[in-house]
Amino acid sequence: MTVEIRVPVLGESVTEATVGQWFKSVGDAVEKDEPLLELETDKVTLEVNATEAGRLDEIIVAEGEDVEVGALLGHLAEGAGGAASKPVKEEAKEKPEPAAKASPEPEAESEEPSPDSSSVDVLPAAQKLIDEKGLDASQITGTGKDGRITKGDVLEALENGGKSKSASAPKEAPKPAAEAPAASSGPRSEEDREERVKMSRLRKSIAARLKDAQNTAAMLTTYNEVDMTAMLDLRSEYKELFLKKHGVKLGFMSFFTKACVAALQETPAVNAEIDGDDLIYKNYYNMGIAVGTDSGLPVLRDADKLGFADVEKGIAELGKKARDGKLSMADMQGGTFTITNGGVYGSLMSSPILNPPQAGVLGMHKIQERPMVVKGEIKIRPMMYLALTYDHRIIDGKEAVTFLVRVKDALEDPQRLLLDL
C-alpha cells in the first residue's frame with residue numbers, strides 16, 4: 001500500500017513553505033513517526049513525520065522548492081523494504097545528498113578510522129548540525145527521549161570544544177572540519193574567500209518584518225539604569241529553596257517578566273497595536289521572550305496569571321524547544337510585548353528593534369559593577385542599563401518613561417512584585 005506524503009497545515013495565515021532538507025533517500029527504511037523532511041515557513045521550521053512504517057518510495061519535491069499546504073511531497077511504501085520501485089523526479093535527482101547522509105572525507109594525517117557513531121541515536125536536526133561542524137556524535141551525551149541526541153545537546157557540545165561536559169573517557173579533540181582550514185595553512189584560494197548560502201525562508205521573513213518596522217513605525221528608544229542589588233540578594237537568599245520546591249532555577253527573567261506585566265497594566269498603550277485607523281488595547285499579556293536561536297521568537301502566554309515558578313518553567317520549556325527546533329506556530333503567535341537580553345552576550349547597551357505589530361520591546365543588558373552615589377556616599381553597585389524601544393505613533397514620551405521607571409522601581413524593590421504594589 002502506498003501512502004502519500006503531503007504538506008500539513010502550517011498554521012494561521014501560513015499557506016506556503018520551502019522544502020529545507022530530506023532526511024531520507026529513496027529506498028530508505030522508515031519507522032512510524034520518524035522525521036522524513038524539514039519544511040521552512042516564514043515563521044517556523046517544522047518536520048514532516050512518517051504516518052506509517054515502510055520505505056520511502058518516491059521523492060516528488062526537491063530541496064529548495066516551494067510548496068503549498070496540501071501539496072504532494074512524495075510516496076511511502078507501507079510495510080515495504082529493499083530498493084525503491086519508483087524513479088525519483090528529475091528535480092529531486094539533481095538535489096545534493098542531505099547533510100545527514102554525507103560522509104566526511106578521511107583525513108590523511110589520521111591512521112585510525114573515525115569512531116563509529118552509527119549506534120548513537122541522533123535526531124535529524126542534530127545530525128545536520130553535527131555534520132556541518134564536523135563533530136563526533138559518540139562524544140555527545142543525549143538528553144532527549146531514550147538518550148537521543150537533540151540539537152540542544154550539539155549546541156552545548158560546541159560550547160565545550162566538541163563534546164558534552166558529561167562525556168566520560170577523555171578522547172582526542174575532533175580535528176577541524178575540512179572546509180575550515182587553520183590560519184597557518186597558507187593563503188586561501190579565491191573560492192575559499194567567500195561562501196554563498198541561500199537565506200532560509202524564516203530568515204528572509206525576519207529581515208522583511210524588521211525592515212518593515214523601520215519603514216512604518218515611529219521608533220524611539222528611552223533608557224534608564226537599575227540597581228540590581230536587592231534583586232540579586234533576594235535571588236541568592238531563596239534560590240536553593242526555590243529550586244528544591246519548584247524543580248526549576250530562580251533566574252532573572254521571572255523578575256523582569258513580572259515587572260513588565262505590572263508596568264504594562266499601568267501604561268496600557270505600551271501593550272497596544274495599530275490596526276488600520278484603530279488602536280487595539282489588549283487586556284492580556286503575552287510576553288515574547290528572545291532566546292538567542294534562529295528558530296523564531298517564542299511567546300509566554302498570559303504571563304499576568306503565572307507565578308514566578310510558572311514563568312521560569314515556561315521560559316525553560318520554550319527555550320529548549322527553540323534550541324531543538326521544535327517550536328510550533330502556536331508557540332510564536334500572539335505576543336503583545338517582547339523582552340530581549342543582550343547581556344548574556346556581553347552587551348552593555350543597545351537599542352532593540354520592534355517586533356511588529358507590537359508597540360514596545362524591552363532590552364536587558366550586562367550587569368556591571370559601577371561606583372554610584374547612594375545617600376551621599378559612593379558605593380559599588382551591580383548596575384544594568386535598560387532600553388525601551390517604542391512606537392511613538394501609539395505611545396507618548398511620558399508613557400514610555402513611566403513604563404521604564406515602573407520596571408526599574410519593581411526590580412530595585414522586588415517585594416513590590418510579591419505584594420502587587
# chains A, B, ... in the order shown; residues from 1 in each chain; ligands from 1
>>> closest_atom_pairs(of="stretch 245-357 of chain A", to="stretch 220-237 of chain A", cutoff="10 Å", atoms="only C-alpha atoms", output="Markdown table")
| residue | atom | partner | partner_atom | distance |
| --- | --- | --- | --- | --- |
| A:Lys249 | CA | A:Arg235 | CA | 9.8 |
| A:Leu250 | CA | A:Arg235 | CA | 6.8 |
| A:Gly251 | CA | A:Arg235 | CA | 7.7 |
| A:Phe252 | CA | A:Arg235 | CA | 8.5 |
| A:Phe255 | CA | A:Met231 | CA | 8.1 |
| A:Met349 | CA | A:Tyr223 | CA | 9.1 |
| A:Ser350 | CA | A:Tyr223 | CA | 9.5 |
| A:Ser351 | CA | A:Thr221 | CA | 6.5 |
| A:Pro352 | CA | A:Thr221 | CA | 8.1 |
| A:Ile353 | CA | A:Thr221 | CA | 9.1 |
| A:Leu354 | CA | A:Leu220 | CA | 9.8 |
>>> atom_distance(atom1="atom CA of A:Val261", atom2="atom CA of A:Met383")
21.7 Å
>>> select_by_dssp(residues="stretch 361-407 of chain A", states="alpha helix (DSSP H)", output="list of chain:residue names")
A:Gly397, A:Lys398, A:Glu399, A:Ala400, A:Val401, A:Thr402, A:Phe403, A:Leu404, A:Val405, A:Arg406, A:Val407
>>> write_last_selection(atoms="all heavy atoms", output="compact mmCIF listing (two decimals), in the first residue's frame")
# COMPACT_ATOMS: atom_id res chain seq x y z
N GLY A 397 5.89 60.07 24.93
CA GLY A 397 7.12 60.01 25.70
C GLY A 397 6.87 59.82 27.19
O GLY A 397 7.58 59.08 27.87
N LYS A 398 5.83 60.49 27.71
CA LYS A 398 5.50 60.36 29.13
C LYS A 398 5.17 58.92 29.48
O LYS A 398 5.61 58.40 30.52
CB LYS A 398 4.33 61.28 29.47
CG LYS A 398 3.87 61.16 30.92
CD LYS A 398 2.65 62.05 31.17
CE LYS A 398 2.13 61.86 32.59
NZ LYS A 398 0.93 62.69 32.85
N GLU A 399 4.39 58.26 28.62
CA GLU A 399 4.00 56.87 28.88
C GLU A 399 5.21 55.94 28.82
O GLU A 399 5.35 55.02 29.63
CB GLU A 399 2.94 56.42 27.87
CG GLU A 399 1.61 57.14 28.03
CD GLU A 399 0.67 56.87 26.88
OE1 GLU A 399 1.11 57.00 25.72
OE2 GLU A 399 -0.51 56.53 27.13
N ALA A 400 6.10 56.19 27.86
CA ALA A 400 7.29 55.35 27.71
C ALA A 400 8.19 55.47 28.93
O ALA A 400 8.66 54.46 29.48
CB ALA A 400 8.06 55.73 26.45
N VAL A 401 8.43 56.70 29.37
CA VAL A 401 9.29 56.91 30.53
C VAL A 401 8.64 56.34 31.79
O VAL A 401 9.30 55.72 32.62
CB VAL A 401 9.61 58.41 30.71
CG1 VAL A 401 10.35 58.65 32.01
CG2 VAL A 401 10.43 58.91 29.52
N THR A 402 7.32 56.53 31.92
CA THR A 402 6.60 55.97 33.08
C THR A 402 6.74 54.46 33.12
O THR A 402 6.98 53.88 34.19
CB THR A 402 5.11 56.36 33.01
OG1 THR A 402 4.99 57.78 33.08
CG2 THR A 402 4.34 55.74 34.17
N PHE A 403 6.58 53.82 31.98
CA PHE A 403 6.72 52.37 31.92
C PHE A 403 8.10 51.94 32.41
O PHE A 403 8.23 51.05 33.26
CB PHE A 403 6.51 51.87 30.49
CG PHE A 403 6.81 50.41 30.29
CD1 PHE A 403 5.84 49.45 30.48
CD2 PHE A 403 8.10 49.99 29.92
CE1 PHE A 403 6.12 48.10 30.31
CE2 PHE A 403 8.40 48.66 29.76
CZ PHE A 403 7.40 47.71 29.95
N LEU A 404 9.15 52.56 31.88
CA LEU A 404 10.50 52.14 32.20
C LEU A 404 10.83 52.41 33.68
O LEU A 404 11.52 51.61 34.33
CB LEU A 404 11.50 52.84 31.29
CG LEU A 404 12.86 52.16 31.14
CD1 LEU A 404 12.71 50.71 30.70
CD2 LEU A 404 13.73 52.91 30.14
N VAL A 405 10.32 53.52 34.22
CA VAL A 405 10.55 53.81 35.63
C VAL A 405 9.83 52.79 36.52
O VAL A 405 10.36 52.37 37.55
CB VAL A 405 10.09 55.24 35.96
CG1 VAL A 405 10.07 55.48 37.48
CG2 VAL A 405 11.01 56.26 35.30
N ARG A 406 8.64 52.37 36.12
CA ARG A 406 7.92 51.35 36.89
C ARG A 406 8.67 50.02 36.89
O ARG A 406 8.71 49.31 37.90
CB ARG A 406 6.50 51.16 36.34
CG ARG A 406 5.61 52.37 36.51
CD ARG A 406 5.37 52.68 37.98
NE ARG A 406 4.58 53.91 38.15
CZ ARG A 406 5.10 55.11 38.33
NH1 ARG A 406 6.43 55.27 38.38
NH2 ARG A 406 4.32 56.17 38.45
N VAL A 407 9.26 49.66 35.76
CA VAL A 407 10.08 48.45 35.70
C VAL A 407 11.28 48.59 36.63
O VAL A 407 11.61 47.68 37.40
CB VAL A 407 10.54 48.17 34.25
CG1 VAL A 407 11.55 47.03 34.22
CG2 VAL A 407 9.34 47.81 33.36
>>> residues_around(residues="A:Leu123", least_positions_apart="2", cutoff="9 Å", atoms="only C-alpha atoms", output="MDAnalysis selection string")
chainID A and resid 35 121 125:128 144 148:151
>>> write_last_selection(atoms="C-alpha atoms", output="tab-separated table (two decimals), in the first residue's frame")
chain	number	residue	atom	x	y	z
A	35	PRO	CA	11.04	12.58	10.52
A	121	ASP	CA	20.51	7.74	18.15
A	125	ALA	CA	18.21	18.43	13.18
A	126	ALA	CA	21.06	17.44	15.49
A	127	GLN	CA	22.67	15.21	12.85
A	128	LYS	CA	22.61	18.07	10.35
A	144	GLY	CA	16.32	13.51	24.61
A	148	ARG	CA	18.59	10.62	21.78
A	149	ILE	CA	20.92	13.49	20.86
A	150	THR	CA	19.00	16.73	20.33
A	151	LYS	CA	20.05	19.94	18.60
>>> atom_distance(atom1="atom CA of A:Ala272", atom2="atom CA of A:Met219")
14.5 Å
>>> closest_residue(among="A:Ala17, A:Leu297, A:Leu39, A:Ala359", to="A:Asp396", atoms="only C-alpha atoms")
A:Ala359
>>> closest_residue(among="A:Ala309, A:Arg301, A:Gln368, A:Gly20", to="A:Lys245", atoms="only C-alpha atoms")
A:Ala309
>>> atom_distance(atom1="atom CA of A:Gly27", atom2="atom CA of A:Thr45")
25.2 Å
>>> residues_around(residues="stretch 319-323 of chain A", least_positions_apart="4", cutoff="12 Å", atoms="only C-alpha atoms", output="PDB file with N, CA and C atoms, in the first residue's frame")
ATOM      1  N   VAL A  44       8.408  29.483  11.179  1.00  0.00           N
ATOM      2  CA  VAL A  44       8.922  28.358  11.945  1.00  0.00           C
ATOM      3  C   VAL A  44       9.447  27.293  10.990  1.00  0.00           C
ATOM      4  N   THR A  45      10.364  26.475  11.484  1.00  0.00           N
ATOM      5  CA  THR A  45      10.833  25.297  10.762  1.00  0.00           C
ATOM      6  C   THR A  45      10.220  24.081  11.421  1.00  0.00           C
ATOM      7  N   LEU A  46       9.608  23.211  10.617  1.00  0.00           N
ATOM      8  CA  LEU A  46       8.946  22.042  11.198  1.00  0.00           C
ATOM      9  C   LEU A  46       9.280  20.789  10.414  1.00  0.00           C
ATOM     10  N   ALA A 125      17.686  17.069  13.083  1.00  0.00           N
ATOM     11  CA  ALA A 125      18.209  18.432  13.180  1.00  0.00           C
ATOM     12  C   ALA A 125      19.580  18.441  13.844  1.00  0.00           C
ATOM     13  N   ALA A 126      19.759  17.545  14.823  1.00  0.00           N
ATOM     14  CA  ALA A 126      21.057  17.444  15.495  1.00  0.00           C
ATOM     15  C   ALA A 126      22.109  16.851  14.561  1.00  0.00           C
ATOM     16  N   LEU A 129      23.515  19.409  12.163  1.00  0.00           N
ATOM     17  CA  LEU A 129      24.483  20.299  12.785  1.00  0.00           C
ATOM     18  C   LEU A 129      25.803  19.578  13.061  1.00  0.00           C
ATOM     19  N   THR A 143      20.266  14.017  25.699  1.00  0.00           N
ATOM     20  CA  THR A 143      19.331  14.282  26.794  1.00  0.00           C
ATOM     21  C   THR A 143      17.884  14.106  26.359  1.00  0.00           C
ATOM     22  N   GLY A 144      17.674  13.719  25.093  1.00  0.00           N
ATOM     23  CA  GLY A 144      16.317  13.513  24.607  1.00  0.00           C
ATOM     24  C   GLY A 144      15.740  12.190  25.074  1.00  0.00           C
ATOM     25  N   THR A 150      19.799  15.647  20.867  1.00  0.00           N
ATOM     26  CA  THR A 150      18.998  16.731  20.328  1.00  0.00           C
ATOM     27  C   THR A 150      19.895  17.842  19.800  1.00  0.00           C
ATOM     28  N   LYS A 151      19.290  18.785  19.091  1.00  0.00           N
ATOM     29  CA  LYS A 151      20.047  19.936  18.598  1.00  0.00           C
ATOM     30  C   LYS A 151      20.635  20.724  19.759  1.00  0.00           C
ATOM     31  N   GLY A 152      19.895  20.799  20.871  1.00  0.00           N
ATOM     32  CA  GLY A 152      20.397  21.480  22.058  1.00  0.00           C
ATOM     33  C   GLY A 152      21.651  20.832  22.609  1.00  0.00           C
ATOM     34  N   ASP A 153      21.710  19.485  22.558  1.00  0.00           N
ATOM     35  CA  ASP A 153      22.903  18.780  23.025  1.00  0.00           C
ATOM     36  C   ASP A 153      24.120  19.124  22.158  1.00  0.00           C
ATOM     37  N   VAL A 154      23.891  19.252  20.844  1.00  0.00           N
ATOM     38  CA  VAL A 154      25.001  19.578  19.936  1.00  0.00           C
ATOM     39  C   VAL A 154      25.483  20.998  20.181  1.00  0.00           C
ATOM     40  N   LEU A 155      24.543  21.916  20.404  1.00  0.00           N
ATOM     41  CA  LEU A 155      24.934  23.296  20.687  1.00  0.00           C
ATOM     42  C   LEU A 155      25.748  23.381  21.965  1.00  0.00           C
ATOM     43  N   GLU A 156      25.369  22.609  22.978  1.00  0.00           N
ATOM     44  CA  GLU A 156      26.129  22.580  24.224  1.00  0.00           C
ATOM     45  C   GLU A 156      27.526  22.027  23.981  1.00  0.00           C
ATOM     46  N   GLY A 288       6.742  37.973  24.484  1.00  0.00           N
ATOM     47  CA  GLY A 288       7.723  37.378  23.584  1.00  0.00           C
ATOM     48  C   GLY A 288       9.081  37.371  24.272  1.00  0.00           C
ATOM     49  N   ILE A 289       9.715  36.212  24.311  1.00  0.00           N
ATOM     50  CA  ILE A 289      10.999  36.066  25.006  1.00  0.00           C
ATOM     51  C   ILE A 289      12.071  35.696  23.985  1.00  0.00           C
ATOM     52  N   ALA A 290      12.998  36.604  23.714  1.00  0.00           N
ATOM     53  CA  ALA A 290      14.085  36.304  22.781  1.00  0.00           C
ATOM     54  C   ALA A 290      15.024  35.277  23.418  1.00  0.00           C
ATOM     55  N   VAL A 291      15.270  34.162  22.729  1.00  0.00           N
ATOM     56  CA  VAL A 291      16.041  33.066  23.313  1.00  0.00           C
ATOM     57  C   VAL A 291      17.360  32.803  22.591  1.00  0.00           C
ATOM     58  N   GLY A 292      17.748  33.660  21.674  1.00  0.00           N
ATOM     59  CA  GLY A 292      19.081  33.544  21.069  1.00  0.00           C
ATOM     60  C   GLY A 292      19.236  32.397  20.101  1.00  0.00           C
ATOM     61  N   THR A 293      18.151  32.008  19.389  1.00  0.00           N
ATOM     62  CA  THR A 293      18.263  30.988  18.353  1.00  0.00           C
ATOM     63  C   THR A 293      17.652  31.535  17.075  1.00  0.00           C
ATOM     64  N   ASP A 294      17.825  30.773  15.966  1.00  0.00           N
ATOM     65  CA  ASP A 294      17.225  31.196  14.700  1.00  0.00           C
ATOM     66  C   ASP A 294      15.911  30.490  14.447  1.00  0.00           C
ATOM     67  N   SER A 295      15.278  29.998  15.528  1.00  0.00           N
ATOM     68  CA  SER A 295      14.036  29.246  15.387  1.00  0.00           C
ATOM     69  C   SER A 295      12.801  30.111  15.522  1.00  0.00           C
ATOM     70  N   GLY A 296      12.964  31.419  15.738  1.00  0.00           N
ATOM     71  CA  GLY A 296      11.813  32.272  15.921  1.00  0.00           C
ATOM     72  C   GLY A 296      11.737  32.789  17.348  1.00  0.00           C
ATOM     73  N   LEU A 297      10.683  33.566  17.636  1.00  0.00           N
ATOM     74  CA  LEU A 297      10.518  34.226  18.927  1.00  0.00           C
ATOM     75  C   LEU A 297       9.361  33.571  19.684  1.00  0.00           C
ATOM     76  N   PRO A 298       9.648  32.741  20.696  1.00  0.00           N
ATOM     77  CA  PRO A 298       8.569  32.081  21.438  1.00  0.00           C
ATOM     78  C   PRO A 298       7.818  33.057  22.337  1.00  0.00           C
ATOM     79  N   VAL A 299       6.571  32.727  22.648  1.00  0.00           N
ATOM     80  CA  VAL A 299       5.687  33.605  23.407  1.00  0.00           C
ATOM     81  C   VAL A 299       5.215  32.896  24.673  1.00  0.00           C
ATOM     82  N   LEU A 300       5.399  33.556  25.811  1.00  0.00           N
ATOM     83  CA  LEU A 300       4.891  33.070  27.091  1.00  0.00           C
ATOM     84  C   LEU A 300       3.511  33.681  27.289  1.00  0.00           C
ATOM     85  N   GLU A 312       9.333  30.759  35.114  1.00  0.00           N
ATOM     86  CA  GLU A 312      10.635  30.125  34.882  1.00  0.00           C
ATOM     87  C   GLU A 312      10.476  28.806  34.131  1.00  0.00           C
ATOM     88  N   LYS A 313       9.480  28.012  34.513  1.00  0.00           N
ATOM     89  CA  LYS A 313       9.248  26.738  33.821  1.00  0.00           C
ATOM     90  C   LYS A 313       8.843  26.962  32.376  1.00  0.00           C
ATOM     91  N   GLY A 314       7.967  27.944  32.151  1.00  0.00           N
ATOM     92  CA  GLY A 314       7.519  28.224  30.790  1.00  0.00           C
ATOM     93  C   GLY A 314       8.644  28.690  29.895  1.00  0.00           C
ATOM     94  N   ILE A 315       9.494  29.573  30.413  1.00  0.00           N
ATOM     95  CA  ILE A 315      10.620  30.074  29.622  1.00  0.00           C
ATOM     96  C   ILE A 315      11.626  28.961  29.348  1.00  0.00           C
ATOM     97  N   LEU A 327       9.812  24.392  18.038  1.00  0.00           N
ATOM     98  CA  LEU A 327       8.764  25.382  18.260  1.00  0.00           C
ATOM     99  C   LEU A 327       7.652  25.219  17.228  1.00  0.00           C
ATOM    100  N   SER A 328       6.419  25.282  17.691  1.00  0.00           N
ATOM    101  CA  SER A 328       5.270  25.217  16.786  1.00  0.00           C
ATOM    102  C   SER A 328       4.806  26.628  16.453  1.00  0.00           C
ATOM    103  N   MET A 329       3.897  26.735  15.483  1.00  0.00           N
ATOM    104  CA  MET A 329       3.350  28.036  15.146  1.00  0.00           C
ATOM    105  C   MET A 329       2.662  28.654  16.352  1.00  0.00           C
ATOM    106  N   ASP A 331       3.389  28.372  19.395  1.00  0.00           N
ATOM    107  CA  ASP A 331       4.365  28.856  20.376  1.00  0.00           C
ATOM    108  C   ASP A 331       4.846  30.267  20.070  1.00  0.00           C
ATOM    109  N   MET A 332       4.653  30.747  18.838  1.00  0.00           N
ATOM    110  CA  MET A 332       5.233  32.018  18.434  1.00  0.00           C
ATOM    111  C   MET A 332       4.204  33.065  18.029  1.00  0.00           C
TER     112      MET A 332
END
>>> select_by_dssp(residues="stretch 294-369 of chain A", states="strand (DSSP E)", output="list in words")
Val299, Leu300, Phe337, Thr338, Ile339, Thr340, Asn341, Gly360, Val361, Leu362, Gly363, Met364, Gln368 and Glu369 of chain A
>>> write_last_selection(atoms="C-alpha atoms", output="PDB file, in the first residue's frame")
ATOM      1  CA  VAL A 299       5.687  33.605  23.407  1.00  0.00           C
ATOM      2  CA  LEU A 300       4.891  33.070  27.091  1.00  0.00           C
ATOM      3  CA  PHE A 337       5.314  42.761  24.207  1.00  0.00           C
ATOM      4  CA  THR A 338       8.891  41.468  23.897  1.00  0.00           C
ATOM      5  CA  ILE A 339      11.849  41.151  26.264  1.00  0.00           C
ATOM      6  CA  THR A 340      15.318  40.633  24.809  1.00  0.00           C
ATOM      7  CA  ASN A 341      18.521  40.087  26.766  1.00  0.00           C
ATOM      8  CA  GLY A 360       7.224  48.049  22.678  1.00  0.00           C
ATOM      9  CA  VAL A 361      10.308  45.948  23.374  1.00  0.00           C
ATOM     10  CA  LEU A 362      12.489  45.989  26.486  1.00  0.00           C
ATOM     11  CA  GLY A 363      16.234  45.426  26.182  1.00  0.00           C
ATOM     12  CA  MET A 364      18.128  43.932  29.135  1.00  0.00           C
ATOM     13  CA  GLN A 368      28.334  45.607  35.635  1.00  0.00           C
ATOM     14  CA  GLU A 369      29.647  46.909  38.951  1.00  0.00           C
TER      15      GLU A 369
END
>>> decode(residues="stretch 307-352 of chain A", atoms="C-alpha atoms", output="PDB file, in the first residue's frame")
ATOM      1  CA  GLY A 307       3.675  32.889  39.371  1.00  0.00           C
ATOM      2  CA  PHE A 308       7.462  33.134  39.416  1.00  0.00           C
ATOM      3  CA  ALA A 309       7.901  29.347  39.191  1.00  0.00           C
ATOM      4  CA  ASP A 310       5.462  29.023  36.284  1.00  0.00           C
ATOM      5  CA  VAL A 311       7.239  31.819  34.426  1.00  0.00           C
ATOM      6  CA  GLU A 312      10.635  30.125  34.882  1.00  0.00           C
ATOM      7  CA  LYS A 313       9.248  26.738  33.821  1.00  0.00           C
ATOM      8  CA  GLY A 314       7.519  28.224  30.790  1.00  0.00           C
ATOM      9  CA  ILE A 315      10.620  30.074  29.622  1.00  0.00           C
ATOM     10  CA  ALA A 316      12.815  26.993  30.166  1.00  0.00           C
ATOM     11  CA  GLU A 317      10.434  24.839  28.134  1.00  0.00           C
ATOM     12  CA  LEU A 318      10.212  27.358  25.305  1.00  0.00           C
ATOM     13  CA  GLY A 319      13.991  27.784  25.277  1.00  0.00           C
ATOM     14  CA  LYS A 320      14.556  24.028  24.992  1.00  0.00           C
ATOM     15  CA  LYS A 321      12.017  23.738  22.165  1.00  0.00           C
ATOM     16  CA  ALA A 322      13.712  26.621  20.358  1.00  0.00           C
ATOM     17  CA  ARG A 323      17.194  25.075  20.678  1.00  0.00           C
ATOM     18  CA  ASP A 324      15.874  21.715  19.463  1.00  0.00           C
ATOM     19  CA  GLY A 325      13.991  23.307  16.562  1.00  0.00           C
ATOM     20  CA  LYS A 326      10.661  22.100  17.963  1.00  0.00           C
ATOM     21  CA  LEU A 327       8.764  25.382  18.260  1.00  0.00           C
ATOM     22  CA  SER A 328       5.270  25.217  16.786  1.00  0.00           C
ATOM     23  CA  MET A 329       3.350  28.036  15.146  1.00  0.00           C
ATOM     24  CA  ALA A 330       1.224  28.338  18.280  1.00  0.00           C
ATOM     25  CA  ASP A 331       4.365  28.856  20.376  1.00  0.00           C
ATOM     26  CA  MET A 332       5.233  32.018  18.434  1.00  0.00           C
ATOM     27  CA  GLN A 333       1.905  33.709  17.796  1.00  0.00           C
ATOM     28  CA  GLY A 334       0.022  36.337  19.741  1.00  0.00           C
ATOM     29  CA  GLY A 335       2.835  38.189  21.534  1.00  0.00           C
ATOM     30  CA  THR A 336       1.902  41.633  22.882  1.00  0.00           C
ATOM     31  CA  PHE A 337       5.314  42.761  24.207  1.00  0.00           C
ATOM     32  CA  THR A 338       8.891  41.468  23.897  1.00  0.00           C
ATOM     33  CA  ILE A 339      11.849  41.151  26.264  1.00  0.00           C
ATOM     34  CA  THR A 340      15.318  40.633  24.809  1.00  0.00           C
ATOM     35  CA  ASN A 341      18.521  40.087  26.766  1.00  0.00           C
ATOM     36  CA  GLY A 342      21.706  41.181  25.027  1.00  0.00           C
ATOM     37  CA  GLY A 343      23.505  40.983  28.356  1.00  0.00           C
ATOM     38  CA  VAL A 344      24.031  37.242  28.036  1.00  0.00           C
ATOM     39  CA  TYR A 345      26.400  38.024  25.144  1.00  0.00           C
ATOM     40  CA  GLY A 346      28.121  40.884  26.983  1.00  0.00           C
ATOM     41  CA  SER A 347      26.198  43.840  25.548  1.00  0.00           C
ATOM     42  CA  LEU A 348      26.382  46.861  27.857  1.00  0.00           C
ATOM     43  CA  MET A 349      23.816  48.946  25.982  1.00  0.00           C
ATOM     44  CA  SER A 350      21.805  48.652  22.764  1.00  0.00           C
ATOM     45  CA  SER A 351      18.606  49.893  21.108  1.00  0.00           C
ATOM     46  CA  PRO A 352      16.326  46.905  20.434  1.00  0.00           C
TER      47      PRO A 352
END
